[in-house]
Structure formats: structure tokens, C-alpha cells
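Everything below belongs to entry11.cif, which stores mmCIF, C-alpha atoms.
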```
data_upload
loop_
_atom_site.label_atom_id
_atom_site.label_comp_id
_atom_site.auth_asym_id
_atom_site.auth_seq_id
_atom_site.Cartn_x
_atom_site.Cartn_y
_atom_site.Cartn_z
CA MET A 1 29.06 -66.64 -18.46
CA SER A 2 28.93 -69.39 -21.08
CA THR A 3 25.67 -67.96 -22.40
CA LYS A 4 27.32 -64.58 -22.97
CA ILE A 5 30.27 -66.18 -24.80
CA HIS A 6 27.87 -68.09 -27.02
CA ASP A 7 25.92 -64.94 -27.85
CA TRP A 8 28.82 -62.85 -29.10
CA SER A 9 30.47 -65.72 -30.92
CA THR A 10 27.29 -66.34 -32.91
CA ASP A 11 27.05 -62.64 -33.72
CA VAL A 12 30.66 -62.59 -34.94
CA VAL A 13 30.18 -65.65 -37.15
CA LEU A 14 27.07 -64.11 -38.70
CA ALA A 15 28.94 -60.84 -39.35
CA MET A 16 31.82 -62.81 -40.89
CA LYS A 17 29.49 -64.70 -43.22
CA ALA A 18 27.77 -61.51 -44.33
CA ARG A 19 31.18 -60.10 -45.32
CA ASN A 20 32.74 -63.20 -46.92
CA ILE A 21 35.44 -63.45 -44.27
CA ALA A 22 36.17 -67.13 -44.76
CA THR A 23 39.55 -67.68 -43.07
CA VAL A 24 40.40 -67.28 -39.38
CA CYS A 25 44.03 -67.49 -38.32
CA THR A 26 44.57 -68.15 -34.64
CA VAL A 27 46.69 -68.96 -31.68
CA PRO A 28 43.77 -69.95 -29.45
CA ASP A 29 42.65 -68.30 -26.23
CA GLY A 30 40.19 -69.52 -23.62
CA GLY A 31 37.94 -66.60 -24.45
CA LEU A 32 37.83 -67.69 -28.10
CA THR A 33 36.84 -71.28 -27.41
CA GLN A 34 33.24 -70.99 -28.54
CA LEU A 35 34.03 -68.88 -31.60
CA LEU A 36 36.79 -71.23 -32.77
CA LYS A 37 34.50 -74.27 -32.33
CA MET A 38 31.85 -72.59 -34.45
CA ILE A 39 34.34 -71.70 -37.19
CA GLU A 40 35.70 -75.26 -37.26
CA ALA A 41 32.13 -76.52 -37.70
CA GLU A 42 31.42 -74.13 -40.60
CA HIS A 43 32.12 -75.82 -43.93
CA SER A 44 32.44 -72.49 -45.69
CA MET A 45 35.18 -71.33 -43.28
CA ARG A 46 38.77 -72.30 -42.74
CA LEU A 47 40.59 -72.27 -39.41
CA VAL A 48 44.36 -71.80 -39.69
CA THR A 49 46.26 -72.73 -36.54
CA LEU A 50 49.44 -70.67 -36.16
CA SER A 51 52.67 -71.16 -34.25
CA ILE A 52 52.90 -67.43 -33.49
CA GLU A 53 50.37 -64.69 -34.05
CA GLN A 54 52.53 -62.67 -36.47
CA GLU A 55 52.06 -65.41 -39.06
CA GLY A 56 48.38 -64.52 -39.14
CA ILE A 57 49.22 -60.97 -40.22
CA GLY A 58 51.13 -62.33 -43.22
CA ILE A 59 48.43 -64.88 -44.10
CA ALA A 60 45.59 -62.35 -43.86
CA THR A 61 47.56 -59.84 -45.95
CA GLY A 62 48.45 -62.42 -48.61
CA CYS A 63 44.87 -63.64 -48.68
CA TRP A 64 43.54 -60.13 -49.37
CA LEU A 65 46.22 -59.43 -51.97
CA ALA A 66 44.97 -62.53 -53.79
CA GLY A 67 41.29 -61.58 -53.59
CA GLY A 68 40.20 -63.27 -50.35
CA ARG A 69 39.30 -62.11 -46.85
CA ALA A 70 40.84 -63.41 -43.64
CA MET A 71 41.18 -62.28 -40.03
CA ILE A 72 43.24 -63.06 -36.95
CA ALA A 73 41.75 -64.13 -33.60
CA MET A 74 44.12 -64.05 -30.62
CA GLN A 75 44.69 -63.27 -26.97
CA SER A 76 46.00 -59.81 -26.03
CA SER A 77 49.46 -61.25 -25.28
CA GLY A 78 49.65 -62.23 -28.96
CA VAL A 79 49.35 -58.62 -30.03
CA GLY A 80 52.89 -58.09 -28.79
CA ASN A 81 54.02 -60.74 -31.28
CA CYS A 82 52.39 -58.84 -34.17
CA ILE A 83 53.65 -55.27 -33.91
CA ASN A 84 56.50 -55.34 -36.43
CA ALA A 85 54.47 -57.65 -38.68
CA LEU A 86 51.69 -55.06 -38.86
CA GLY A 87 54.04 -52.95 -40.96
CA LEU A 88 53.26 -55.37 -43.82
CA PRO A 89 49.53 -54.65 -44.29
CA LEU A 90 50.13 -51.00 -43.45
CA ALA A 91 52.78 -50.71 -46.20
CA TYR A 92 50.61 -52.53 -48.76
CA ARG A 93 47.63 -50.44 -47.59
CA ALA A 94 45.85 -53.76 -47.11
CA PRO A 95 43.10 -54.35 -44.58
CA CYS A 96 44.01 -56.31 -41.47
CA LEU A 97 41.21 -57.34 -39.11
CA MET A 98 41.92 -58.65 -35.62
CA LEU A 99 39.68 -59.96 -32.88
CA VAL A 100 41.53 -59.80 -29.56
CA THR A 101 40.33 -61.31 -26.30
CA MET A 102 41.78 -59.30 -23.44
CA ARG A 103 43.77 -60.51 -20.47
CA GLY A 104 45.60 -58.57 -17.78
CA GLN A 105 42.72 -56.20 -17.43
CA TRP A 106 39.47 -56.89 -15.54
CA GLY A 107 40.17 -58.85 -12.36
CA GLU A 108 43.24 -60.58 -13.76
CA PHE A 109 44.65 -63.34 -11.57
CA ASN A 110 47.95 -63.90 -13.39
CA PRO A 111 50.53 -61.09 -13.03
CA TRP A 112 52.38 -62.29 -16.15
CA GLN A 113 49.39 -61.24 -18.26
CA VAL A 114 49.24 -57.68 -16.95
CA PRO A 115 52.14 -55.95 -18.81
CA MET A 116 51.04 -56.91 -22.34
CA GLY A 117 47.36 -56.66 -21.47
CA GLN A 118 47.84 -53.05 -20.41
CA ALA A 119 50.08 -52.34 -23.42
CA THR A 120 47.79 -53.90 -26.03
CA ARG A 121 45.80 -50.84 -27.07
CA PRO A 122 48.69 -48.32 -26.87
CA SER A 123 50.91 -50.68 -28.91
CA LEU A 124 48.30 -51.20 -31.61
CA GLU A 125 47.54 -47.48 -31.81
CA ALA A 126 51.23 -46.61 -31.96
CA ILE A 127 51.69 -48.70 -35.12
CA GLY A 128 48.49 -47.35 -36.67
CA VAL A 129 45.75 -49.87 -35.91
CA LYS A 130 42.26 -48.54 -35.19
CA CYS A 131 41.03 -50.04 -31.91
CA PHE A 132 37.47 -50.78 -30.83
CA ALA A 133 37.14 -51.85 -27.21
CA VAL A 134 33.95 -53.65 -26.15
CA ASP A 135 32.84 -54.34 -22.59
CA LYS A 136 29.34 -55.72 -23.16
CA ALA A 137 28.71 -59.08 -24.81
CA GLU A 138 25.73 -57.75 -26.74
CA ASP A 139 27.91 -55.05 -28.37
CA VAL A 140 30.60 -57.38 -29.72
CA GLY A 141 28.83 -58.41 -32.94
CA GLU A 142 27.93 -54.88 -33.98
CA THR A 143 31.39 -53.56 -33.11
CA PHE A 144 33.04 -56.40 -35.00
CA ALA A 145 30.87 -55.72 -38.04
CA ALA A 146 31.75 -52.01 -37.98
CA ALA A 147 35.47 -52.75 -37.56
CA ALA A 148 35.35 -55.26 -40.42
CA ASP A 149 33.62 -52.78 -42.72
CA LEU A 150 36.12 -50.07 -41.81
CA ALA A 151 39.03 -52.45 -42.44
CA PHE A 152 37.92 -53.93 -45.75
CA ASN A 153 36.17 -50.88 -47.21
CA SER A 154 38.69 -48.25 -46.12
CA ARG A 155 41.73 -50.57 -46.21
CA VAL A 156 43.01 -49.99 -42.74
CA SER A 157 44.06 -52.27 -39.89
CA ALA A 158 41.44 -52.59 -37.17
CA ALA A 159 41.26 -54.52 -33.90
CA VAL A 160 38.23 -55.39 -31.79
CA LEU A 161 39.31 -55.70 -28.16
CA VAL A 162 36.87 -57.97 -26.33
CA GLY A 163 37.11 -56.92 -22.68
CA GLN A 164 38.02 -59.37 -19.97
CA ARG A 165 34.83 -58.26 -18.25
CA ILE A 166 32.96 -60.16 -20.99
CA ILE A 167 35.20 -63.20 -20.99
CA GLY A 168 35.54 -63.47 -17.22
CA ALA A 169 38.78 -63.72 -15.26
CA LYS A 170 39.96 -67.22 -14.45
CA GLY A 171 41.38 -67.96 -11.07
CA PHE A 172 42.96 -71.43 -11.27
CA GLY A 173 41.09 -72.27 -8.07
CA GLN A 174 42.87 -69.49 -6.17
CA GLU A 175 40.32 -66.73 -6.65
CA MET B 1 81.33 -67.16 -43.72
CA ASN B 2 80.03 -68.55 -46.96
CA THR B 3 81.37 -72.09 -47.32
CA ALA B 4 82.96 -73.69 -50.35
CA SER B 5 79.73 -75.53 -51.12
CA ASN B 6 77.95 -72.23 -51.78
CA LYS B 7 78.80 -71.61 -55.40
CA ILE B 8 75.51 -70.99 -57.21
CA ALA B 9 75.35 -67.50 -58.78
CA ARG B 10 71.96 -66.22 -57.61
CA ARG B 11 71.04 -63.86 -60.43
CA SER B 12 71.61 -66.24 -63.35
CA PHE B 13 70.20 -69.14 -61.33
CA MET B 14 66.96 -67.30 -60.57
CA ALA B 15 66.66 -66.23 -64.20
CA ALA B 16 67.05 -69.87 -65.29
CA LEU B 17 64.42 -70.98 -62.77
CA LEU B 18 61.90 -68.26 -63.56
CA ALA B 19 62.08 -69.12 -67.26
CA HIS B 20 60.01 -72.18 -66.22
CA ARG B 21 57.50 -70.16 -64.17
CA GLY B 22 54.52 -70.48 -66.50
CA ASN B 23 51.69 -68.62 -64.79
CA SER B 24 52.88 -69.31 -61.24
CA LEU B 25 52.58 -66.45 -58.77
CA ILE B 26 55.84 -65.41 -57.13
CA VAL B 27 55.97 -64.03 -53.58
CA THR B 28 59.39 -62.65 -52.66
CA GLY B 29 61.01 -62.18 -49.28
CA LEU B 30 62.62 -58.83 -48.50
CA GLY B 31 66.08 -57.96 -49.79
CA SER B 32 68.04 -59.85 -52.41
CA PRO B 33 65.36 -62.43 -53.31
CA THR B 34 63.17 -59.48 -54.32
CA TRP B 35 66.02 -57.89 -56.30
CA ASP B 36 66.83 -61.24 -57.97
CA CYS B 37 63.29 -61.83 -59.20
CA PHE B 38 62.91 -58.25 -60.41
CA ALA B 39 66.27 -58.48 -62.22
CA ALA B 40 65.13 -61.65 -64.00
CA GLY B 41 62.18 -59.84 -65.57
CA ASP B 42 59.41 -57.91 -63.88
CA SER B 43 55.82 -59.22 -63.88
CA PRO B 44 52.52 -58.12 -62.29
CA GLU B 45 52.33 -61.70 -61.02
CA TYR B 46 55.29 -61.03 -58.71
CA LEU B 47 54.39 -59.82 -55.24
CA TYR B 48 57.44 -57.96 -53.93
CA SER B 49 58.16 -56.98 -50.37
CA TRP B 50 60.64 -54.55 -48.84
CA GLY B 51 60.00 -55.49 -45.24
CA GLY B 52 58.03 -57.74 -42.93
CA MET B 53 60.95 -60.03 -42.17
CA GLY B 54 59.68 -63.50 -41.31
CA LEU B 55 56.41 -63.07 -43.21
CA ALA B 56 57.27 -64.20 -46.74
CA VAL B 57 56.03 -67.77 -46.19
CA PRO B 58 52.84 -66.69 -44.35
CA THR B 59 52.10 -64.13 -47.09
CA ALA B 60 52.62 -66.76 -49.79
CA LEU B 61 50.39 -69.15 -47.83
CA GLY B 62 47.66 -66.51 -47.72
CA VAL B 63 47.94 -66.06 -51.50
CA ALA B 64 47.85 -69.85 -51.97
CA LEU B 65 44.74 -70.23 -49.80
CA ALA B 66 42.91 -67.49 -51.71
CA GLN B 67 44.02 -68.80 -55.13
CA PRO B 68 43.83 -72.60 -54.85
CA ARG B 69 44.00 -73.06 -58.63
CA ARG B 70 47.21 -71.05 -59.03
CA ARG B 71 50.70 -72.27 -58.25
CA VAL B 72 52.37 -70.02 -55.68
CA VAL B 73 56.13 -69.98 -55.20
CA CYS B 74 57.73 -68.17 -52.28
CA VAL B 75 61.31 -67.08 -52.95
CA THR B 76 63.13 -65.96 -49.84
CA GLY B 77 66.40 -66.01 -47.92
CA ASP B 78 67.79 -68.07 -45.06
CA GLY B 79 67.66 -65.29 -42.47
CA GLU B 80 64.17 -64.23 -43.52
CA ILE B 81 62.65 -67.70 -43.27
CA LEU B 82 64.37 -68.48 -39.96
CA MET B 83 62.65 -65.45 -38.39
CA GLY B 84 59.28 -67.08 -39.13
CA ILE B 85 60.32 -70.72 -39.19
CA GLY B 86 57.18 -71.94 -37.40
CA SER B 87 55.20 -70.97 -40.49
CA LEU B 88 56.55 -74.15 -42.12
CA GLY B 89 54.44 -76.03 -39.57
CA VAL B 90 51.40 -74.00 -40.62
CA VAL B 91 52.10 -74.73 -44.31
CA ALA B 92 52.39 -78.46 -43.58
CA ASP B 93 49.23 -78.40 -41.46
CA GLN B 94 47.28 -76.67 -44.24
CA ALA B 95 48.71 -79.21 -46.73
CA SER B 96 48.86 -76.50 -49.37
CA ALA B 97 49.14 -78.49 -52.60
CA ASN B 98 49.74 -75.32 -54.66
CA LEU B 99 52.56 -73.86 -52.54
CA ALA B 100 56.31 -74.18 -53.05
CA ILE B 101 59.09 -72.47 -51.11
CA LEU B 102 62.61 -71.72 -52.35
CA VAL B 103 65.24 -70.61 -49.86
CA LEU B 104 68.22 -68.81 -51.38
CA ASP B 105 70.72 -69.75 -48.68
CA ASN B 106 73.97 -67.79 -48.61
CA GLU B 107 74.46 -68.54 -44.92
CA SER B 108 74.66 -64.86 -44.13
CA PHE B 109 72.69 -61.66 -43.57
CA GLY B 110 73.44 -60.22 -47.00
CA GLU B 111 71.65 -56.90 -46.78
CA THR B 112 73.21 -55.79 -43.53
CA GLY B 113 76.87 -56.52 -44.17
CA ARG B 114 77.12 -60.26 -44.76
CA GLN B 115 77.24 -61.21 -41.12
CA ARG B 116 77.31 -64.94 -40.47
CA GLY B 117 73.88 -66.63 -40.40
CA LEU B 118 72.72 -69.71 -38.53
CA THR B 119 72.82 -71.95 -41.62
CA ALA B 120 76.58 -71.37 -41.75
CA GLY B 121 76.66 -73.60 -38.69
CA ARG B 122 74.55 -76.67 -38.17
CA ALA B 123 71.07 -75.40 -39.07
CA ASP B 124 69.57 -77.17 -42.08
CA ILE B 125 66.32 -75.55 -43.26
CA ALA B 126 65.33 -78.52 -45.47
CA ALA B 127 65.66 -80.82 -42.45
CA VAL B 128 63.57 -78.43 -40.35
CA ALA B 129 60.90 -78.46 -43.07
CA GLN B 130 60.91 -82.26 -42.98
CA GLY B 131 60.46 -82.13 -39.23
CA PHE B 132 57.43 -79.92 -39.62
CA GLY B 133 55.93 -82.40 -42.06
CA ILE B 134 56.83 -80.96 -45.46
CA ALA B 135 57.67 -84.34 -46.95
CA ARG B 136 59.24 -83.28 -50.23
CA THR B 137 62.39 -81.19 -49.94
CA MET B 138 65.52 -80.72 -52.04
CA THR B 139 68.89 -79.11 -51.44
CA VAL B 140 70.83 -78.01 -54.50
CA THR B 141 74.45 -76.91 -54.66
CA GLU B 142 75.02 -76.84 -58.42
CA GLN B 143 73.95 -74.29 -61.02
CA SER B 144 73.07 -77.18 -63.33
CA ALA B 145 70.27 -78.29 -60.97
CA ALA B 146 67.99 -75.44 -62.11
CA GLY B 147 65.92 -77.66 -64.42
CA GLU B 148 65.30 -80.32 -61.76
CA LEU B 149 64.56 -77.63 -59.19
CA ALA B 150 62.11 -75.89 -61.53
CA GLU B 151 60.15 -79.13 -61.85
CA LEU B 152 59.85 -79.31 -58.06
CA LEU B 153 58.93 -75.65 -57.61
CA PHE B 154 56.48 -75.22 -60.47
CA GLU B 155 55.04 -78.71 -61.04
CA ALA B 156 55.34 -81.12 -58.11
CA PRO B 157 52.42 -81.49 -55.68
CA GLY B 158 52.99 -79.18 -52.73
CA PRO B 159 53.82 -78.22 -50.19
CA VAL B 160 57.48 -78.52 -51.16
CA LEU B 161 60.61 -76.69 -50.00
CA ALA B 162 63.98 -76.35 -51.66
CA VAL B 163 67.23 -74.87 -50.40
CA ALA B 164 69.69 -73.51 -52.96
CA LYS B 165 73.18 -72.95 -51.58
CA ILE B 166 74.12 -69.68 -53.27
CA ALA B 167 77.37 -67.76 -53.31
CA ILE B 168 77.88 -64.35 -51.80
CA THR B 169 78.11 -62.15 -54.87
CA GLU B 170 78.25 -58.49 -55.74
CA ASP B 171 75.29 -57.93 -58.07
CA PRO B 172 74.09 -54.72 -59.67
CA TRP B 173 71.20 -53.01 -57.93
CA ALA B 174 67.80 -54.05 -59.31
CA LEU B 175 65.12 -52.37 -57.25
CA PRO B 176 61.42 -52.73 -58.06
CA GLU B 177 58.63 -50.35 -57.06
CA LYS B 178 58.77 -49.77 -53.32
CA ASP B 179 55.38 -48.20 -52.73
CA GLY B 180 53.42 -51.03 -51.13
CA ALA B 181 50.03 -49.77 -52.25
CA ALA B 182 51.25 -49.69 -55.86
CA ILE B 183 52.68 -53.22 -55.58
CA ALA B 184 49.44 -54.46 -54.00
CA HIS B 185 47.24 -52.77 -56.59
CA ARG B 186 49.22 -54.20 -59.49
CA PHE B 187 49.17 -57.74 -58.07
CA ARG B 188 45.45 -57.66 -57.23
CA THR B 189 44.60 -56.27 -60.65
CA ALA B 190 46.65 -58.99 -62.36
CA LEU B 191 44.82 -61.69 -60.40
CA ALA B 192 41.39 -60.21 -61.05
CA SER B 193 41.86 -60.05 -64.83
#
```
Before anything else, please render the file you have as C-alpha cells.
Amino acid sequence: MSTKIHDWSTDVVLAMKARNIATVCTVPDGGLTQLLKMIEAEHSMRLVTLSIEQEGIGIATGCWLAGGRAMIAMQSSGVGNCINALGLPLAYRAPCLMLVTMRGQWGEFNPWQVPMGQATRPSLEAIGVKCFAVDKAEDVGETFAAAADLAFNSRVSAAVLVGQRIIGAKGFGQE
Amino acid sequence: MNTASNKIARRSFMAALLAHRGNSLIVTGLGSPTWDCFAAGDSPEYLYSWGGMGLAVPTALGVALAQPRRRVVCVTGDGEILMGIGSLGVVADQASANLAILVLDNESFGETGRQRGLTAGRADIAAVAQGFGIARTMTVTEQSAAGELAELLFEAPGPVLAVAKIAITEDPWALPEKDGAAIAHRFRTALAS
């Protein structure tokens, strides 16, 4: 499993570099561990730790309005904290790029993750975010690159939903 | 209710402050802070918002990160900033030297009927900012403090936060462009030139 996580994280970082996406705003998730480590280690990139995911929507929007490129990396539960905030980039017709690691989906152990996990895609689509779900580690990089190009070139909000099948369900020793 | 200490007239106060703006970029929170800045004299270097409550500080932080050589001043209200109060922790953590925040605090939800806000009670936004690690804060209650406040907002090393205790007033409508794409295009074009 760790090999798979490493693979897609590297692909995402390479796609980010190729597109000058230099800022990643995050409330961390276990599935993002490798990616966040890599971004912290990149001198050309900035990791912005948030208190709540909606802040990332504002930061990424402000960054683009001032000529930069940023994205938000978060767990699916964090999407619920972003819905009203997504009205900001949508109203400015600014790009908003999100990388979401899914919970409450593939073999979930924790029932508290299921409601928002199942509501993630419908909620994003209801507010107008284009969603790209990925279930194979080798497809994440390419999907992320396509979502990033759609977002920044066509000025829309786009989310890559990295399936729990890729991340693996954790069991807290009770699986 | 607005307390006796809230006596600053927002429109003339903001006009006095913005006279010291120089080439600072202004990011406004929704509602009256947006109207106040527009009323004081429109500029392509003002980024207005009509929504996104709780996102004024994060938006200003994003602008500040992308424009490290420009001063960025976020002008917002007490209710707006409280909805995204954790963003002060993000600002402190990023140690944004070019970012200043001004809270126009009338202790009420002005746009929706002047209902009582949390700062009418015990909440002190400057103290919260200190707790998050924004070391330099100021609370002003007098109109005459505009000069001193301008120095903090436009010159002092950031991040800084100021609270201005403003009166509840009936001001004439002053509404800027509300099409977000037009606001965004104008701001981006001004920064690119």
C-alpha cells in the first residue's frame, strides 16, 4: 500500500510543478501523508496549514486573484466545511482546485465518516464543482493534471476524489 | 446593542485611513466594509466581495502570499471575521509580514438588522489575535486615532490586527460592481500592469 501512495504523490507533485502550483493549503489526512511530506520538502512550494478547510478556498482564490496558483488538499469530511465558501471562487469565476482523499466509502471502519463520505460528490456537484473520481493509483497523476488544466485554463472549480480503495481503509486494530 | 464606547463614524474614518493607503492592496469583507471603501474612492487595487462570509482574511492572505512585495490590508467586520476566526492562526503561522487586518467593530450584524453580535459581550477580537500569535494589535475608540492606525495598517511589519470600535450609523448606499468576474478581472489586470 505504501508503494501505491508514494507513486501517486510523486505524480501529483510533478504535475503541480509543471503547472506552477506552488501553494498547498491543507487540513491533513492520513491518505495525504506522503504528498504533504513531499510538498514540505520542496523549496519551491509552500504548505499552508489551516484550522478549517474553508480557509483554503479563500486563500486559493486570493492567490489566483493576485497572480499565483494554489490548491487545497483535504479529507472528504472537509468538503462539507467548504460548500458555502465555494461560492467565492464561483462568483469571481476563479479557478479552485481540490485534491480530496475519500473516507466513508471503500471498506470504511468508522461509521462517523460514512455520511459525509457518501455526500462528498453530490455536495460538490450541487454547488458547481466538476468532480473526477479515481480508483487506481496509477490514474491519479493524469487525472489531477487534467483537473488542474480544466480549473486554471477554463476557470472552474474542480475536485479530484482519490478513492478509499487507493488509500486503504484503516481498522484501528478492529478489522 | 452598540455601547457608548462605539463612537467612530465609519465612513469618514475609512476615508481618513485610506488617504494613507499608498499602493497598498485592499481586500474588503462583505457588507458595510465593502461599501465604506468604495465610498471613500474606488480603485482597481480594491478587491471587493459581496459574499463568502468568513473568507475575507483567508482571501487577503492568499493575495499577500502571491504578492509578497505589496502591502495587503484586509478591511472587514466583527461578524465576518468571527465566522472564520481560525484564519488568524493561519496568518500568524504564515508570519505574513505584508498583511494587516482592520476590523470595523460595531458589535452587531449591521446588514441583517443590527442584531447584537458577540463582541457586544465579552469577545475581544484583538485579544483573540494575540492568542493566535499576532503580536502587534491595536484597539481604537477615537476618530482622532486614524493617523496612528494608518501607520500600523500601511507601514508596520505584519502581521498586525486592529479593531476600530465604530458607531452604528445610517450611511448612504455606496455599492460597487457586484459581478465577481468583473471585480476579479479588474483586480488581476491592475496587479499585472
Contact set, chain B to chain A: 9 Å, all atoms listed in the file, as a PyMOL selection string: chain B and resi 47+49-67+84+86-87+89-90+93-94+179-185+187-188+191-192
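Between atom CA of A:Ile166 and atom CA of A:Cys82 lies a distance of 23.5 Å.
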Pick from B:Leu25, B:Leu99, B:Ala129, B:Leu18, whichever lies nearest to B:Gly41 using all atoms listed in the file: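 Between B:Leu25, B:Leu99, B:Ala129, B:Leu18, the residue approaching B:Gly41 most closely is B:Leu18.
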Residue members of the PyMOL selection byres ((chain A and resi 149-157) around 6) in the file shown, as a ChimeraX atom specification: /A:94-97,129,146-148,158
d(atom CA of B:Asp171, atom CA of B:Arg71) in Å: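 Taking atom CA of B:Asp171 and atom CA of B:Arg71, their separation equals 28.5 Å.
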Would you write out, as a PDB file with C-alpha atoms, in the frame of the given file, every residue that the PyMOL selection byres ((chain B and resi 161) around 8) captures in this file?
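Saved as selection-v9.pdb:
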```pdb
ATOM      1  CA  ALA B 100      56.310 -74.180 -53.050  1.00  0.00           C
ATOM      2  CA  ILE B 101      59.090 -72.470 -51.110  1.00  0.00           C
ATOM      3  CA  LEU B 102      62.610 -71.720 -52.350  1.00  0.00           C
ATOM      4  CA  VAL B 103      65.240 -70.610 -49.860  1.00  0.00           C
ATOM      5  CA  ALA B 126      65.330 -78.520 -45.470  1.00  0.00           C
ATOM      6  CA  ALA B 129      60.900 -78.460 -43.070  1.00  0.00           C
ATOM      7  CA  ILE B 134      56.830 -80.960 -45.460  1.00  0.00           C
ATOM      8  CA  ARG B 136      59.240 -83.280 -50.230  1.00  0.00           C
ATOM      9  CA  THR B 137      62.390 -81.190 -49.940  1.00  0.00           C
ATOM     10  CA  MET B 138      65.520 -80.720 -52.040  1.00  0.00           C
ATOM     11  CA  LEU B 153      58.930 -75.650 -57.610  1.00  0.00           C
ATOM     12  CA  PRO B 159      53.820 -78.220 -50.190  1.00  0.00           C
ATOM     13  CA  VAL B 160      57.480 -78.520 -51.160  1.00  0.00           C
ATOM     14  CA  ALA B 162      63.980 -76.350 -51.660  1.00  0.00           C
ATOM     15  CA  VAL B 163      67.230 -74.870 -50.400  1.00  0.00           C
TER      16      VAL B 163
END
```
B:Gly133, B:Pro44, B:Ala120, B:Ala39 ranked by distance to B:Ser193, top pick (using all atoms listed in the file):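 Closest to B:Ser193, using all atoms listed in the file: B:Pro44.
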Nearest to B:Pro33, chosen from B:Ala19, B:Ala146, B:Ala127, B:Ile166, with all atoms listed in the file counted in the distances: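 Ranking B:Ala19, B:Ala146, B:Ala127, B:Ile166 by distance to B:Pro33, first place goes to B:Ile166.
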Expected selection from the PyMOL selection byres ((chain B and resi 141) around 10), given as an NGL selection string: :B and (5-8 or 139-140 or 142-146 or 163-167)
Given the selection you just returned, output its residues as a file containing C-alpha atoms, formatted as a PDB file, in the frame of the given file.
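Once written, part.pdb looks like this:
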```
ATOM      1  CA  SER B   5      79.730 -75.530 -51.120  1.00  0.00           C
ATOM      2  CA  ASN B   6      77.950 -72.230 -51.780  1.00  0.00           C
ATOM      3  CA  LYS B   7      78.800 -71.610 -55.400  1.00  0.00           C
ATOM      4  CA  ILE B   8      75.510 -70.990 -57.210  1.00  0.00           C
ATOM      5  CA  THR B 139      68.890 -79.110 -51.440  1.00  0.00           C
ATOM      6  CA  VAL B 140      70.830 -78.010 -54.500  1.00  0.00           C
ATOM      7  CA  GLU B 142      75.020 -76.840 -58.420  1.00  0.00           C
ATOM      8  CA  GLN B 143      73.950 -74.290 -61.020  1.00  0.00           C
ATOM      9  CA  SER B 144      73.070 -77.180 -63.330  1.00  0.00           C
ATOM     10  CA  ALA B 145      70.270 -78.290 -60.970  1.00  0.00           C
ATOM     11  CA  ALA B 146      67.990 -75.440 -62.110  1.00  0.00           C
ATOM     12  CA  VAL B 163      67.230 -74.870 -50.400  1.00  0.00           C
ATOM     13  CA  ALA B 164      69.690 -73.510 -52.960  1.00  0.00           C
ATOM     14  CA  LYS B 165      73.180 -72.950 -51.580  1.00  0.00           C
ATOM     15  CA  ILE B 166      74.120 -69.680 -53.270  1.00  0.00           C
ATOM     16  CA  ALA B 167      77.370 -67.760 -53.310  1.00  0.00           C
TER      17      ALA B 167
END
```
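Considering the residues A:Glu138, A:Pro122, A:Ala73, A:Lys17 and counting only C-alpha atoms, A:Val160 has its shortest atom-to-atom contact with A:Ala73.
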For B:Gly29, the nearest of the candidates B:Gly113, B:Gly147, B:Gly131, B:Gly77, counting all atoms listed in the file: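 Going through B:Gly113, B:Gly147, B:Gly131, B:Gly77 one by one, the smallest distance to B:Gly29 is for B:Gly77.
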Point-to-point distance in Å for atom CA of A:Gln75 and atom CA of A:Gly107: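 Distance between the two atoms: 15.9 Å.
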Local residues around (50.1, -57.8, -31.2), at most 8 Å away, using all atoms listed in the file, as a VMD selection string: chain A and resid 53 to 54 76 to 83 120 123 to 124
Any chance you could export the current selection's C-alpha atoms as a CSV table (one decimal), in the coordinates of the input?
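Output (selection.csv):
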```csv
chain,number,residue,atom,x,y,z
A,53,GLU,CA,50.4,-64.7,-34.0
A,54,GLN,CA,52.5,-62.7,-36.5
A,76,SER,CA,46.0,-59.8,-26.0
A,77,SER,CA,49.5,-61.2,-25.3
A,78,GLY,CA,49.6,-62.2,-29.0
A,79,VAL,CA,49.4,-58.6,-30.0
A,80,GLY,CA,52.9,-58.1,-28.8
A,81,ASN,CA,54.0,-60.7,-31.3
A,82,CYS,CA,52.4,-58.8,-34.2
A,83,ILE,CA,53.6,-55.3,-33.9
A,120,THR,CA,47.8,-53.9,-26.0
A,123,SER,CA,50.9,-50.7,-28.9
A,124,LEU,CA,48.3,-51.2,-31.6
```
